[in-house]
Every structure is written in structure tokens, then in C-alpha cells.
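Participant: File name coords-v4.txt; file contents compact mmCIF, C-alpha atoms; full text below.
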# COMPACT_ATOMS: atom_id res chain seq x y z
CA PHE C 1 -3.00 -80.10 134.86
CA GLN C 2 -6.60 -79.90 133.68
CA VAL C 3 -6.50 -76.15 133.84
CA GLU C 4 -3.40 -76.07 131.67
CA TYR C 5 -5.04 -78.34 129.10
CA ALA C 6 -8.01 -76.02 129.09
CA MET C 7 -5.71 -73.05 128.49
CA GLU C 8 -4.19 -74.99 125.55
CA ALA C 9 -7.67 -75.31 124.13
CA VAL C 10 -8.04 -71.57 124.34
CA LYS C 11 -4.73 -71.02 122.57
CA ARG C 12 -5.96 -73.17 119.70
CA GLY C 13 -9.18 -71.23 119.40
CA SER C 14 -9.63 -68.45 116.90
CA ALA C 15 -8.33 -65.02 117.81
CA VAL C 16 -10.21 -62.41 119.81
CA VAL C 17 -8.93 -58.86 120.25
CA GLY C 18 -10.39 -56.32 122.65
CA VAL C 19 -9.44 -52.63 122.78
CA ARG C 20 -10.64 -50.10 125.32
CA GLY C 21 -10.92 -46.64 123.79
CA ALA C 22 -11.49 -43.33 125.52
CA ASP C 23 -15.25 -43.66 125.32
CA CYS C 24 -15.93 -46.99 123.64
CA VAL C 25 -14.88 -50.64 123.68
CA VAL C 26 -14.14 -52.59 120.50
CA LEU C 27 -14.20 -56.38 120.26
CA GLY C 28 -12.87 -58.11 117.15
CA VAL C 29 -12.89 -61.82 116.40
CA GLU C 30 -11.31 -63.96 113.76
CA ARG C 31 -13.89 -65.80 111.73
CA LYS C 32 -12.26 -69.06 110.71
CA ALA C 33 -12.87 -70.07 107.12
CA VAL C 34 -16.04 -72.09 107.02
CA ALA C 35 -16.56 -75.28 105.11
CA GLN C 36 -18.23 -74.82 101.76
CA LEU C 37 -21.60 -76.13 102.78
CA GLN C 38 -21.73 -74.43 106.17
CA ASP C 39 -23.91 -71.42 106.79
CA ALA C 40 -21.46 -68.79 108.03
CA ARG C 41 -24.13 -66.73 109.74
CA THR C 42 -24.80 -69.35 112.37
CA ILE C 43 -21.35 -69.13 113.90
CA ARG C 44 -21.56 -66.34 116.43
CA LYS C 45 -18.50 -65.65 118.50
CA ILE C 46 -19.64 -62.32 119.88
CA CYS C 47 -22.80 -62.58 122.00
CA LYS C 48 -24.96 -60.26 124.03
CA LEU C 49 -24.89 -61.01 127.73
CA ASP C 50 -27.40 -58.31 128.52
CA ASP C 51 -28.49 -55.05 126.90
CA HIS C 52 -25.31 -53.31 128.03
CA LEU C 53 -22.77 -56.14 128.08
CA THR C 54 -21.13 -58.00 125.21
CA ILE C 55 -18.94 -61.07 125.43
CA ALA C 56 -16.51 -62.69 122.98
CA PHE C 57 -14.74 -65.95 123.68
CA ALA C 58 -11.87 -68.13 122.48
CA GLY C 59 -11.73 -71.88 122.98
CA PHE C 60 -14.39 -74.57 123.02
CA THR C 61 -17.56 -73.21 121.47
CA ALA C 62 -19.75 -75.66 123.34
CA ASP C 63 -18.24 -74.78 126.72
CA ALA C 64 -18.66 -71.11 125.90
CA ARG C 65 -22.31 -71.61 125.04
CA VAL C 66 -22.98 -73.17 128.44
CA LEU C 67 -21.02 -70.46 130.23
CA ILE C 68 -22.80 -67.65 128.40
CA GLU C 69 -26.19 -69.16 129.11
CA LYS C 70 -25.37 -69.32 132.82
CA ALA C 71 -24.20 -65.72 132.69
CA ARG C 72 -27.35 -64.53 130.91
CA ILE C 73 -29.57 -66.18 133.48
CA GLU C 74 -27.50 -64.62 136.25
CA ALA C 75 -27.84 -61.19 134.64
CA GLN C 76 -31.64 -61.43 134.54
CA SER C 77 -31.75 -62.86 138.04
CA TYR C 78 -29.70 -59.89 139.24
CA ARG C 79 -32.11 -57.53 137.48
CA LEU C 80 -35.07 -59.27 139.12
CA THR C 81 -33.73 -59.09 142.66
CA CYS C 82 -31.87 -55.79 142.50
CA GLU C 83 -34.00 -53.87 139.97
CA ASP C 84 -30.71 -52.71 138.45
CA ALA C 85 -28.47 -53.81 135.61
CA PRO C 86 -25.51 -55.87 136.82
CA SER C 87 -22.17 -54.10 136.67
CA ILE C 88 -19.53 -55.48 134.31
CA ASP C 89 -17.34 -56.27 137.30
CA TYR C 90 -20.14 -58.34 138.82
CA MET C 91 -20.67 -60.32 135.62
CA ALA C 92 -16.95 -60.91 135.09
CA ARG C 93 -16.63 -62.04 138.70
CA HIS C 94 -19.61 -64.35 138.32
CA ILE C 95 -18.27 -65.96 135.17
CA ALA C 96 -14.82 -66.31 136.72
CA LYS C 97 -16.36 -67.83 139.85
CA THR C 98 -18.23 -70.35 137.72
CA GLN C 99 -15.08 -71.24 135.82
CA GLN C 100 -13.13 -71.67 139.04
CA SER C 101 -15.76 -73.90 140.64
CA TYR C 102 -15.27 -76.37 137.81
CA THR C 103 -11.57 -76.65 138.61
CA GLN C 104 -11.97 -77.72 142.19
CA ARG C 105 -14.38 -80.60 142.38
CA GLY C 106 -14.65 -84.16 141.22
CA GLY C 107 -16.16 -85.45 138.04
CA VAL C 108 -15.97 -82.24 136.04
CA ARG C 109 -13.39 -80.59 133.83
CA PRO C 110 -12.65 -76.88 133.52
CA PHE C 111 -14.31 -74.79 130.82
CA GLY C 112 -11.91 -74.55 127.89
CA VAL C 113 -12.89 -70.94 127.38
CA SER C 114 -11.35 -67.53 127.90
CA SER C 115 -13.78 -64.70 127.52
CA MET C 116 -13.57 -60.98 126.96
CA ILE C 117 -16.41 -58.89 128.27
CA SER C 118 -17.01 -55.32 127.16
CA GLY C 119 -19.21 -52.85 128.94
CA PHE C 120 -19.31 -49.63 130.93
CA ASN C 121 -19.03 -48.69 134.57
CA SER C 122 -21.69 -46.71 136.36
CA ASP C 123 -19.57 -43.62 135.75
CA LYS C 124 -19.81 -44.24 132.01
CA SER C 125 -16.13 -45.22 131.67
CA PRO C 126 -15.47 -48.11 129.28
CA GLN C 127 -14.28 -51.43 130.65
CA LEU C 128 -12.78 -54.57 129.18
CA TYR C 129 -12.61 -57.66 131.37
CA LEU C 130 -10.89 -60.97 130.74
CA THR C 131 -11.63 -64.37 132.29
CA ASP C 132 -9.65 -67.57 131.82
CA PRO C 133 -10.14 -71.30 132.49
CA ALA C 134 -8.45 -71.03 135.87
CA GLY C 135 -11.13 -68.66 137.04
CA THR C 136 -9.12 -65.46 137.24
CA TYR C 137 -10.64 -62.25 136.01
CA SER C 138 -8.97 -58.94 135.36
CA ALA C 139 -9.58 -55.66 133.64
CA TRP C 140 -7.49 -54.72 130.63
CA LYS C 141 -6.82 -51.73 128.43
CA ALA C 142 -6.37 -54.03 125.45
CA HIS C 143 -5.86 -57.77 125.13
CA ALA C 144 -5.75 -60.64 122.69
CA ILE C 145 -6.61 -64.29 123.24
CA GLY C 146 -6.49 -67.30 120.97
CA GLY C 147 -5.29 -67.29 117.41
CA ARG C 148 -2.08 -68.43 115.79
CA ASN C 149 0.17 -66.11 117.74
CA GLU C 150 -1.35 -64.72 120.90
CA LYS C 151 1.93 -63.26 122.15
CA ALA C 152 2.67 -61.36 118.96
CA VAL C 153 -0.74 -59.75 118.93
CA GLN C 154 -0.45 -58.81 122.59
CA GLU C 155 2.95 -57.21 121.96
CA PHE C 156 1.49 -55.32 119.01
CA LEU C 157 -1.26 -53.98 121.23
CA GLU C 158 1.21 -53.01 123.94
CA LYS C 159 3.23 -51.05 121.41
CA ASN C 160 0.31 -49.25 119.88
CA TRP C 161 -2.31 -48.65 122.57
CA THR C 162 -2.67 -45.13 123.91
CA ALA C 163 -5.02 -43.80 126.54
CA THR C 164 -6.80 -41.42 124.22
CA LEU C 165 -8.07 -43.65 121.44
CA ALA C 166 -11.17 -42.31 119.74
CA GLU C 167 -13.73 -44.74 118.37
CA ASP C 168 -12.31 -44.95 114.84
CA GLU C 169 -8.75 -45.25 116.18
CA SER C 170 -9.83 -48.07 118.50
CA ILE C 171 -11.48 -49.86 115.60
CA ARG C 172 -8.34 -49.41 113.49
CA LEU C 173 -6.13 -50.76 116.25
CA THR C 174 -8.38 -53.79 116.73
CA ILE C 175 -8.40 -54.59 113.04
CA LYS C 176 -4.65 -54.01 112.70
CA ALA C 177 -4.06 -56.38 115.61
CA LEU C 178 -6.34 -58.99 114.07
CA LEU C 179 -4.59 -58.66 110.72
CA GLU C 180 -1.39 -59.84 112.41
CA VAL C 181 -2.86 -63.32 112.63
CA VAL C 182 -5.83 -63.33 110.28
CA ASP C 183 -5.75 -63.48 106.52
CA SER C 184 -6.84 -60.18 105.13
CA GLY C 185 -10.43 -59.70 104.12
CA SER C 186 -13.61 -58.57 105.81
CA LYS C 187 -15.00 -62.08 105.47
CA ASN C 188 -12.52 -63.31 108.04
CA MET C 189 -13.31 -61.01 110.89
CA GLU C 190 -16.18 -59.60 112.87
CA VAL C 191 -15.91 -56.32 114.75
CA VAL C 192 -18.35 -54.99 117.33
CA VAL C 193 -18.31 -51.53 118.93
CA SER C 194 -19.95 -50.66 122.26
CA ARG C 195 -20.71 -47.14 123.36
CA CYS C 196 -22.22 -46.20 126.68
CA GLY C 197 -26.00 -46.13 126.58
CA GLU C 198 -26.22 -47.01 122.90
CA LYS C 199 -26.99 -50.22 121.13
CA VAL C 200 -23.98 -52.35 120.33
CA ARG C 201 -22.89 -51.86 116.73
CA ASN C 202 -21.75 -54.64 114.44
CA LEU C 203 -19.50 -53.34 111.67
CA THR C 204 -20.82 -54.30 108.25
CA GLU C 205 -18.66 -56.06 105.68
CA GLU C 206 -18.52 -52.89 103.61
CA GLU C 207 -17.26 -50.80 106.53
CA LEU C 208 -14.65 -53.45 107.35
CA GLU C 209 -13.47 -53.60 103.73
CA VAL C 210 -12.99 -49.86 103.66
CA ILE C 211 -10.92 -49.82 106.84
CA ILE C 212 -8.87 -52.88 105.88
CA ALA C 213 -8.14 -51.45 102.43
CA ASP C 214 -7.05 -48.22 104.07
CA ILE C 215 -4.78 -50.01 106.55
CA GLU C 216 -3.21 -52.08 103.78
CA ARG C 217 -2.66 -49.00 101.66
CA GLU C 218 -0.94 -47.38 104.64
CA GLN C 219 1.25 -50.43 105.14
CA GLU C 220 2.15 -50.49 101.44
CA GLU C 221 3.16 -46.85 101.54
CA ALA C 222 5.23 -47.42 104.67
CA LYS C 223 6.95 -50.35 103.01
CA LYS C 224 7.62 -48.33 99.87
CA SER C 225 9.13 -45.41 101.74
CA ASN C 226 11.27 -47.87 103.72
CA GLN C 227 12.50 -49.43 100.47
CA GLU C 228 13.24 -46.02 99.04
CA ALA C 229 15.14 -45.07 102.16
CA THR C 230 17.30 -48.23 102.01
CA ALA C 231 17.75 -47.82 98.23
CA MET C 232 19.01 -44.30 98.76
CA GLU C 233 21.47 -45.47 101.37
CA THR C 234 23.08 -47.95 98.96
CA MET M 1 -60.57 -52.71 143.47
CA ASP M 2 -58.40 -51.88 140.48
CA HIS M 3 -59.83 -51.07 137.07
CA LEU M 4 -58.09 -52.67 134.11
CA ILE M 5 -59.39 -52.40 130.55
CA GLY M 6 -57.97 -53.16 127.12
CA LEU M 7 -59.11 -53.06 123.52
CA VAL M 8 -57.76 -53.87 120.07
CA GLY M 9 -57.97 -51.51 117.07
CA ASP M 10 -56.58 -51.03 113.61
CA GLY M 11 -52.89 -51.89 113.94
CA TYR M 12 -52.72 -51.07 117.65
CA ALA M 13 -53.93 -52.25 121.05
CA LEU M 14 -54.73 -50.08 124.06
CA VAL M 15 -54.58 -50.95 127.72
CA ALA M 16 -55.62 -48.72 130.60
CA ALA M 17 -55.41 -49.11 134.35
CA ASP M 18 -56.37 -46.89 137.26
CA ARG M 19 -53.63 -45.40 139.41
CA LYS M 20 -54.82 -45.87 142.97
CA VAL M 21 -53.20 -48.14 145.53
CA ALA M 22 -55.40 -48.84 148.53
CA HIS M 23 -54.90 -50.56 151.89
CA SER M 24 -58.34 -51.12 153.49
CA ILE M 25 -59.75 -47.58 153.74
CA ILE M 26 -56.52 -45.71 153.04
CA ALA M 27 -55.52 -44.57 149.55
CA VAL M 28 -51.75 -45.01 149.73
CA LYS M 29 -50.89 -43.70 146.28
CA HIS M 30 -52.64 -42.03 143.35
CA ASP M 31 -49.99 -42.40 140.66
CA GLU M 32 -49.14 -46.09 140.52
CA ASP M 33 -48.34 -47.50 137.07
CA LYS M 34 -49.98 -50.94 136.87
CA ILE M 35 -49.04 -51.61 133.26
CA LEU M 36 -45.63 -53.17 132.78
CA LYS M 37 -43.63 -53.03 129.56
CA LEU M 38 -42.73 -56.67 129.00
CA ASP M 39 -40.55 -55.97 126.00
CA GLY M 40 -40.48 -53.73 122.96
CA SER M 41 -43.85 -54.93 121.69
CA LYS M 42 -45.88 -56.07 124.67
CA LEU M 43 -47.67 -54.53 127.62
CA LEU M 44 -48.98 -56.36 130.66
CA GLY M 45 -51.63 -54.76 132.82
CA CYS M 46 -51.58 -56.67 136.09
CA VAL M 47 -53.97 -56.10 139.01
CA GLY M 48 -54.92 -58.04 142.12
CA GLU M 49 -52.98 -58.94 145.24
CA LEU M 50 -50.37 -56.26 145.73
CA GLY M 51 -47.15 -58.25 146.22
CA ASP M 52 -48.15 -60.89 143.69
CA THR M 53 -48.79 -58.40 140.92
CA LYS M 54 -45.37 -56.76 141.10
CA ASN M 55 -43.50 -59.98 141.76
CA PHE M 56 -45.20 -62.02 139.07
CA SER M 57 -45.17 -59.40 136.34
CA GLU M 58 -41.47 -58.60 136.91
CA PHE M 59 -40.66 -62.31 136.90
CA ILE M 60 -42.39 -62.62 133.53
CA GLN M 61 -40.58 -59.53 132.26
CA LYS M 62 -37.12 -60.85 133.18
CA ASN M 63 -37.87 -64.27 131.70
CA MET M 64 -38.88 -62.65 128.45
CA ALA M 65 -35.67 -60.59 128.41
CA LEU M 66 -33.71 -63.82 128.93
CA TYR M 67 -35.55 -65.49 126.07
CA ALA M 68 -34.75 -62.57 123.78
CA LEU M 69 -31.04 -62.70 124.71
CA GLN M 70 -30.80 -66.46 124.30
CA ASN M 71 -32.68 -66.68 121.05
CA GLY M 72 -31.91 -63.38 119.41
CA THR M 73 -35.58 -62.59 118.93
CA GLU M 74 -38.53 -61.58 121.09
CA LEU M 75 -41.32 -63.95 122.05
CA SER M 76 -44.54 -63.62 120.11
CA THR M 77 -47.59 -62.28 121.98
CA HIS M 78 -49.26 -65.64 121.62
CA ALA M 79 -46.26 -67.43 123.13
CA ALA M 80 -45.92 -64.88 125.91
CA ALA M 81 -49.59 -65.25 126.82
CA HIS M 82 -49.29 -69.00 127.05
CA PHE M 83 -46.10 -68.73 129.08
CA ILE M 84 -47.91 -66.47 131.54
CA ARG M 85 -50.90 -68.76 131.69
CA GLY M 86 -48.60 -71.75 132.26
CA GLU M 87 -46.86 -70.04 135.17
CA ILE M 88 -50.18 -69.12 136.80
CA SER M 89 -51.48 -72.67 136.37
CA TYR M 90 -48.32 -74.22 137.77
CA ALA M 91 -48.50 -72.04 140.86
CA LEU M 92 -52.25 -72.41 141.29
CA ARG M 93 -52.20 -75.42 143.58
CA ARG M 94 -48.81 -74.73 145.07
CA SER M 95 -48.49 -71.02 145.82
CA PRO M 96 -51.22 -69.24 143.87
CA LYS M 97 -50.56 -65.84 142.36
CA LEU M 98 -53.56 -63.59 142.66
CA CYS M 99 -52.99 -61.68 139.41
CA ASN M 100 -55.62 -60.68 136.92
CA MET M 101 -54.05 -59.57 133.71
CA VAL M 102 -54.61 -58.10 130.31
CA LEU M 103 -51.73 -58.70 127.92
CA VAL M 104 -51.62 -56.66 124.72
CA GLY M 105 -49.01 -57.05 122.05
CA TYR M 106 -48.20 -56.31 118.45
CA ASP M 107 -46.67 -58.90 116.10
CA LYS M 108 -45.63 -58.17 112.55
CA ASP M 109 -47.47 -61.13 111.08
CA VAL M 110 -50.55 -61.19 113.27
CA GLY M 111 -51.05 -57.52 114.12
CA PRO M 112 -52.36 -56.41 117.50
CA SER M 113 -53.79 -58.93 119.97
CA LEU M 114 -55.22 -58.92 123.46
CA TYR M 115 -55.13 -61.82 125.92
CA HIS M 116 -57.33 -61.71 129.00
CA THR M 117 -56.05 -63.90 131.88
CA ASP M 118 -57.46 -64.40 135.34
CA TYR M 119 -55.82 -65.58 138.53
CA LEU M 120 -57.04 -69.16 138.07
CA GLY M 121 -55.28 -69.53 134.74
CA GLY M 122 -58.24 -68.97 132.47
CA MET M 123 -57.06 -67.24 129.32
CA HIS M 124 -58.81 -66.03 126.21
CA LYS M 125 -57.82 -64.02 123.18
CA MET M 126 -60.32 -61.20 122.91
CA ASN M 127 -61.06 -57.94 121.14
CA PHE M 128 -61.58 -56.15 124.42
CA GLY M 129 -61.76 -57.09 128.08
CA GLY M 130 -61.03 -56.01 131.59
CA HIS M 131 -60.81 -56.83 135.26
CA GLY M 132 -62.24 -55.32 138.41
CA TYR M 133 -65.47 -53.50 139.14
CA GLY M 134 -64.63 -50.97 136.49
CA SER M 135 -64.67 -53.70 133.88
CA PHE M 136 -68.41 -54.22 134.42
CA PHE M 137 -69.07 -50.73 133.19
CA ALA M 138 -66.28 -50.81 130.62
CA VAL M 139 -67.31 -54.07 128.97
CA SER M 140 -70.97 -53.02 128.75
CA LEU M 141 -69.92 -49.83 127.04
CA LEU M 142 -67.48 -51.62 124.73
CA ASP M 143 -70.13 -54.23 123.87
CA ARG M 144 -72.20 -51.41 122.49
CA LEU M 145 -69.59 -49.06 121.09
CA TRP M 146 -66.57 -51.15 120.00
CA LYS M 147 -66.28 -51.99 116.34
CA PRO M 148 -63.47 -53.72 114.47
CA ASN M 149 -60.55 -51.69 113.03
CA MET M 150 -61.14 -48.46 114.88
CA SER M 151 -58.49 -45.82 114.34
CA LEU M 152 -56.21 -44.90 117.24
CA ASP M 153 -58.06 -41.65 117.82
CA GLU M 154 -61.40 -43.45 117.92
CA GLY M 155 -59.94 -46.01 120.32
CA ILE M 156 -58.59 -43.35 122.66
CA ALA M 157 -61.91 -41.47 122.56
CA LEU M 158 -63.72 -44.70 123.43
CA MET M 159 -61.38 -45.32 126.36
CA LYS M 160 -62.03 -41.79 127.61
CA GLN M 161 -65.76 -42.47 127.51
CA VAL M 162 -65.09 -45.60 129.60
CA PHE M 163 -63.11 -43.58 132.15
CA VAL M 164 -65.92 -41.04 132.47
CA GLU M 165 -68.47 -43.82 132.92
CA ILE M 166 -66.41 -45.47 135.67
CA ASN M 167 -65.98 -42.19 137.49
CA THR M 168 -69.69 -41.44 137.18
CA ARG M 169 -71.18 -44.78 138.19
CA PHE M 170 -68.68 -46.60 140.37
CA LEU M 171 -69.13 -46.09 144.09
CA VAL M 172 -65.54 -44.97 144.68
CA GLY M 173 -64.90 -42.05 142.34
CA GLY M 174 -62.01 -39.82 141.42
CA SER M 175 -60.00 -42.46 139.56
CA THR M 176 -57.23 -41.33 137.26
CA PHE M 177 -55.95 -43.66 134.56
CA THR M 178 -52.76 -44.67 132.82
CA LEU M 179 -53.30 -45.35 129.12
CA LYS M 180 -50.68 -47.12 127.05
CA VAL M 181 -50.62 -48.21 123.43
CA VAL M 182 -48.66 -50.82 121.51
CA ASP M 183 -48.35 -50.77 117.73
CA LYS M 184 -45.79 -51.39 115.01
CA ASP M 185 -43.62 -48.60 116.45
CA GLY M 186 -43.50 -50.17 119.88
CA VAL M 187 -44.84 -49.23 123.24
CA ARG M 188 -45.72 -45.75 124.51
CA THR M 189 -47.83 -43.98 127.10
CA ILE M 190 -50.63 -41.73 125.97
CA ASP M 191 -50.79 -38.39 127.69
CA LEU M 192 -54.35 -37.92 128.85
CA GLY M 193 -54.08 -34.40 130.22
CA ASP M 194 -55.41 -33.39 133.60
CA ASP M 195 -58.98 -32.55 132.78
CA GLU M 196 -60.01 -35.79 131.13
CA MET M 197 -60.95 -38.12 133.91
CA LYS M 198 -62.53 -36.07 136.63
CA ALA M 199 -66.22 -36.86 136.44
Could I get this structure in the form of C-alpha cells?

Facilitator:
Amino acid sequence: FQVEYAMEAVKRGSAVVGVRGADCVVLGVERKAVAQLQDARTIRKICKLDDHLTIAFAGFTADARVLIEKARIEAQSYRLTCEDAPSIDYMARHIAKTQQSYTQRGGVRPFGVSSMISGFNSDKSPQLYLTDPAGTYSAWKAHAIGGRNEKAVQEFLEKNWTATLAEDESIRLTIKALLEVVDSGSKNMEVVVSRCGEKVRNLTEEELEVIIADIEREQEEAKKSNQEATAMET
Amino acid sequence: MDHLIGLVGDGYALVAADRKVAHSIIAVKHDEDKILKLDGSKLLGCVGELGDTKNFSEFIQKNMALYALQNGTELSTHAAAHFIRGEISYALRRSPKLCNMVLVGYDKDVGPSLYHTDYLGGMHKMNFGGHGYGSFFAVSLLDRLWKPNMSLDEGIALMKQVFVEINTRFLVGGSTFTLKVVDKDGVRTIDLGDDEMKA
């Protein structure tokens, strides 16, 4: 049962959307409205695991913090013994193994965290991995966790993902998916883009505003042409 | 024995090390890089017992990377030096690390700094310093010729004079050197050209 409760905790977390493009990976998170006196900058849902790996999580923030710290130490330990950066598969497997080990012994409870890890394979192909409280890990082309309506967002992604998404298309898809559950506005989301061999890029508020405005304009136009079409029919 | 020398100048710090690896009377390698890039703004020249030097300096490097990931910012040179010194001290009466080091770093608020550490855990912040037989000659020369706030070109010229002196007066000649600099733009190697060091 504990695992199921942990998965509930994830469902109640704020939304995370990950999209694997042709040559990049985009992670987008919902930034829940902060209390008036809270400093919004200190709430980081997207973290660096290592120079080439980024992780976003949904669920208990505290559990995620512990999990990410363990993962970071493991990444450096791998670099120290193997003189090489750990592969994304290795890190996902390690995190999943850690999560699983907390489901099968006494006196502990599972991590109430699902995480999405973005990175690249040794052959430069982009990868998106998902881990859950049960300790399973899998690679995805696009996925959504947490948020008001996880299923709806996932269906949206399934309908709209294609294998040849360029970087800007991947970003658009991520934001569109987030907009399904998040109130509009660049203040309510954070989007991060990873490209192979380059530093991870955090989209600025201005960039987000531009894209969101464009998406909304597109949706307005689609709605209008729909209305005109139905008006003409009557 | 390995030569390791460092000096601080106007907005930069230089560190140089020789490139020979020796096992008793055999020179195994002539192109070993003994200066490790700890992070974007620090260099650690580490000489001494062969396995210890690599092992210890890489351990420090990975710990500093971990710190940067966890805290979103790099360690200061001062903090790094004390971390290194602490690790050497801790190991001293358990499993001593025979590493003699010169740590140079650049911080935005403090500027360039040089920390000279020996294998017993003695550490001092200095303007210039070194380890090994070569340091005897180097430090005498720097005592006379080093002045505060030298430009990078002056600093490099001074280092070249040190290399020539070592190759002239040390019993085992023919040493080539790696010279690296750290300043506000980060860490880079200085290309010395082939003709510079042969005495």
C-alpha cells in the first residue's frame, strides 16, 4: 500500500512535462503560485544532477531533495572511479534502485517522488527517463507527471508528439501541454532545454511570454475559425 | 624529484610543473601534466608519491564538483585550500597522502591567490612558492625578482627565467614544463613553444 500512497503524493504534486525532440530534450514544470511573502526564486524544481544531466520531479520536495543529493554523490563517485561521466541510463537505474530499496525493508517509507531525467546517450541521441516511487524506470518520448490532470496531459502529448520535433517545436509542445493544467502566464512555469554538449538553458520569462502569447493567439484564431465554420453551417 | 612553482601577479596566478615521471633511474614519461583543473577558477599542482598525487587530487576535484552541484556555486579558493588541508591532516595519522601542492585560484572579490601546502598539512597563503629541488632555485630567483602586481607577460618571462635556471643548475637536466594560468577568464594552459626550456 505504501507505494500506492507515495504515488498519490506524486499525483498531488505540481505538473512536470518532458518532451524528447530530435536533438534536444525539454523539461517544463508548473510553478505553483507562491505565498505573498515567499521568495519565488528559492523554489527550484529543475536541478542539475551533473554537468550533462538534468532532473525534474513531482511529489514531496523534501524526499526529492534527499534523492537528488544521493544521485549527485553517485554521479561524482562514478566519475572518480571510472574517469567518465555516468550515462543517463546508469543514473536513472541508480535512482530507481534507491527508490525500490526503500519499498522493501522495515522502518522506512517509499520516496513520494517521481522524477524525469533528461540527458544524452553516448551516441548523442537525446533521452528522457522516468522513475516512480515503486522503483521502476523507463525511457519515454514524452511524458507528464503530477498536476491537476496527469492523464489529460499525457493524452495531449500522445496526440501531438512526432519523431522529428525541432528544438522550438519541442518547447512549444511542452508549453502547450503545461498550459492544459497550468494557468496561463510565464510566472507559472519554468522551462529548461538540454542540447548535447551544451550548457542547459533556462528559458527567460520574456521568452516564455512570447511563446505563450503566440500559442494563445493561435488557439484564439482556431476557435474563431471554428465558430465561423459552425455559424456558416446554421 | 618533481619541480613545482607558482606565483601571483596582477589579476592572475601562474603555476608550473615539470613533465617527467621517473621510477628509480628510468624516465617513464616526459609529458605528464601534474597540474589539475579543480574547477573553472582553480588549479592544483600536485607532486610527490605517484599514486597519492593522482588519487588525492582527483578526489578533491570530484568533491569540488559535488559542492558546486549541491550549492549552485563554486567553492572559494580559500575554502578549497582549507578543505584540502583538512583532508591531508585527517589522513596524516591514518593513511598519509604524500602530496605536496600549490593551489592557485581566482576569486572575484579577492583576486588571485596562491596556497602552498605540504604533505604534513602545513599550509600558507603566499605570493610565490614551490616544491621539490627545483623550488630551491626558483624561490631564490623569485625572492630577488618577484614584485607585486606584475603583468602576465612579466610573470611568464619570470617563470621562463626560473625554468632556465633549473635546467642550468639542477643535477638532472632537460626538464620541460607545463605552465598554466588562472585569471578572471578562467583556467588555461600557456603554450611555451619548443625552444624555451632547453638549457

Participant: Env of M:Glu165: 10 Å cut, atoms = all atoms listed in the file, seq-sep filter 3 positions within chain, self excluded. Answer as a PDB file with C-alpha atoms, keeping the file's coordinate frame.

Facilitator:
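around-v2.pdb was written with the following content:
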ATOM      1  CA  GLY M 134     -64.630 -50.970 136.490  1.00  0.00           C
ATOM      2  CA  PHE M 137     -69.070 -50.730 133.190  1.00  0.00           C
ATOM      3  CA  ALA M 138     -66.280 -50.810 130.620  1.00  0.00           C
ATOM      4  CA  LEU M 141     -69.920 -49.830 127.040  1.00  0.00           C
ATOM      5  CA  MET M 159     -61.380 -45.320 126.360  1.00  0.00           C
ATOM      6  CA  LYS M 160     -62.030 -41.790 127.610  1.00  0.00           C
ATOM      7  CA  GLN M 161     -65.760 -42.470 127.510  1.00  0.00           C
ATOM      8  CA  VAL M 162     -65.090 -45.600 129.600  1.00  0.00           C
ATOM      9  CA  THR M 168     -69.690 -41.440 137.180  1.00  0.00           C
ATOM     10  CA  ARG M 169     -71.180 -44.780 138.190  1.00  0.00           C
ATOM     11  CA  PHE M 170     -68.680 -46.600 140.370  1.00  0.00           C
ATOM     12  CA  MET M 197     -60.950 -38.120 133.910  1.00  0.00           C
ATOM     13  CA  ALA M 199     -66.220 -36.860 136.440  1.00  0.00           C
TER      14      ALA M 199
END

Participant: Counting all atoms listed in the file, which residues from chain M have an atom at most 9 Å from any atom of chain C, and could you show them as a short mmCIF file (atom, residue, chain, number, x, y, z; two decimals) with C-alpha atoms, in the coordinates of the input?

Facilitator:
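Output file result_7.cif is given in full below:
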data_model
loop_
_atom_site.label_atom_id
_atom_site.label_comp_id
_atom_site.auth_asym_id
_atom_site.auth_seq_id
_atom_site.Cartn_x
_atom_site.Cartn_y
_atom_site.Cartn_z
CA ASN M 55 -43.50 -59.98 141.76
CA GLU M 58 -41.47 -58.60 136.91
CA PHE M 59 -40.66 -62.31 136.90
CA GLN M 61 -40.58 -59.53 132.26
CA LYS M 62 -37.12 -60.85 133.18
CA ASN M 63 -37.87 -64.27 131.70
CA ALA M 65 -35.67 -60.59 128.41
CA LEU M 66 -33.71 -63.82 128.93
CA LEU M 69 -31.04 -62.70 124.71
CA GLN M 70 -30.80 -66.46 124.30
CA GLY M 72 -31.91 -63.38 119.41
#

Participant: Find the residues around C:Arg148 up to 12 Å (all atoms listed in the file counted), leave out those fewer than 5 positions away in its own chain, and share them as a ChimeraX atom specification.

Facilitator: /C:8,10-16,30,32,58,153-154,178-183

Participant: What is the atom CA of C:Val29 to atom CA of C:Ala177 distance in Å?

Facilitator: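 Computed distance, atom CA of C:Val29 to atom CA of C:Ala177, equals 10.4 Å.
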
Participant: Between C:Phe156, C:Glu206, C:Gly28, C:Ser125, which residue has the minimum interatomic distance to C:Thr174, considering all atoms listed in the file?

Facilitator: C:Gly28

Participant: Output as JSON the centre and edge lengths (Å, one decimal) of the box along x, y and z of the file that holds every listed atom of stretch 212-228 of chain C after adding 4 Å on each side.

Facilitator:
{"center_x": 2.2, "center_y": -49.1, "center_z": 102.8, "size_x": 30.1, "size_y": 15.5, "size_z": 15.5}

Participant: At what distance in Å, to one decimal, does atom CA of M:Arg144 lie from atom CA of M:Gly45?

Facilitator: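 If I compute the distance from atom CA of M:Gly45 to atom CA of M:Arg144, I get 23.3 Å.
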
Participant: Around the point (-53.5, -43.6, 133.1) (coordinates from the file), which residues reach within 12 Å if we count all atoms listed in the file? Answer as a PyMOL selection string.

Facilitator: chain M and resi 3-5+14-20+30-35+45+156+159-160+163+175-181+188-194+196-197

Participant: Taking into account only C-alpha atoms, which residue in the set C:Ile145, C:Lys187, C:Thr98, C:Glu216 is nearest to C:Thr204?

Facilitator: C:Lys187

Participant: So how many Å separate atom CA of M:Lys29 and atom CA of M:Leu171, to one decimal?

Facilitator: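 Result for atom CA of M:Lys29 versus atom CA of M:Leu171: 18.5 Å, one decimal.
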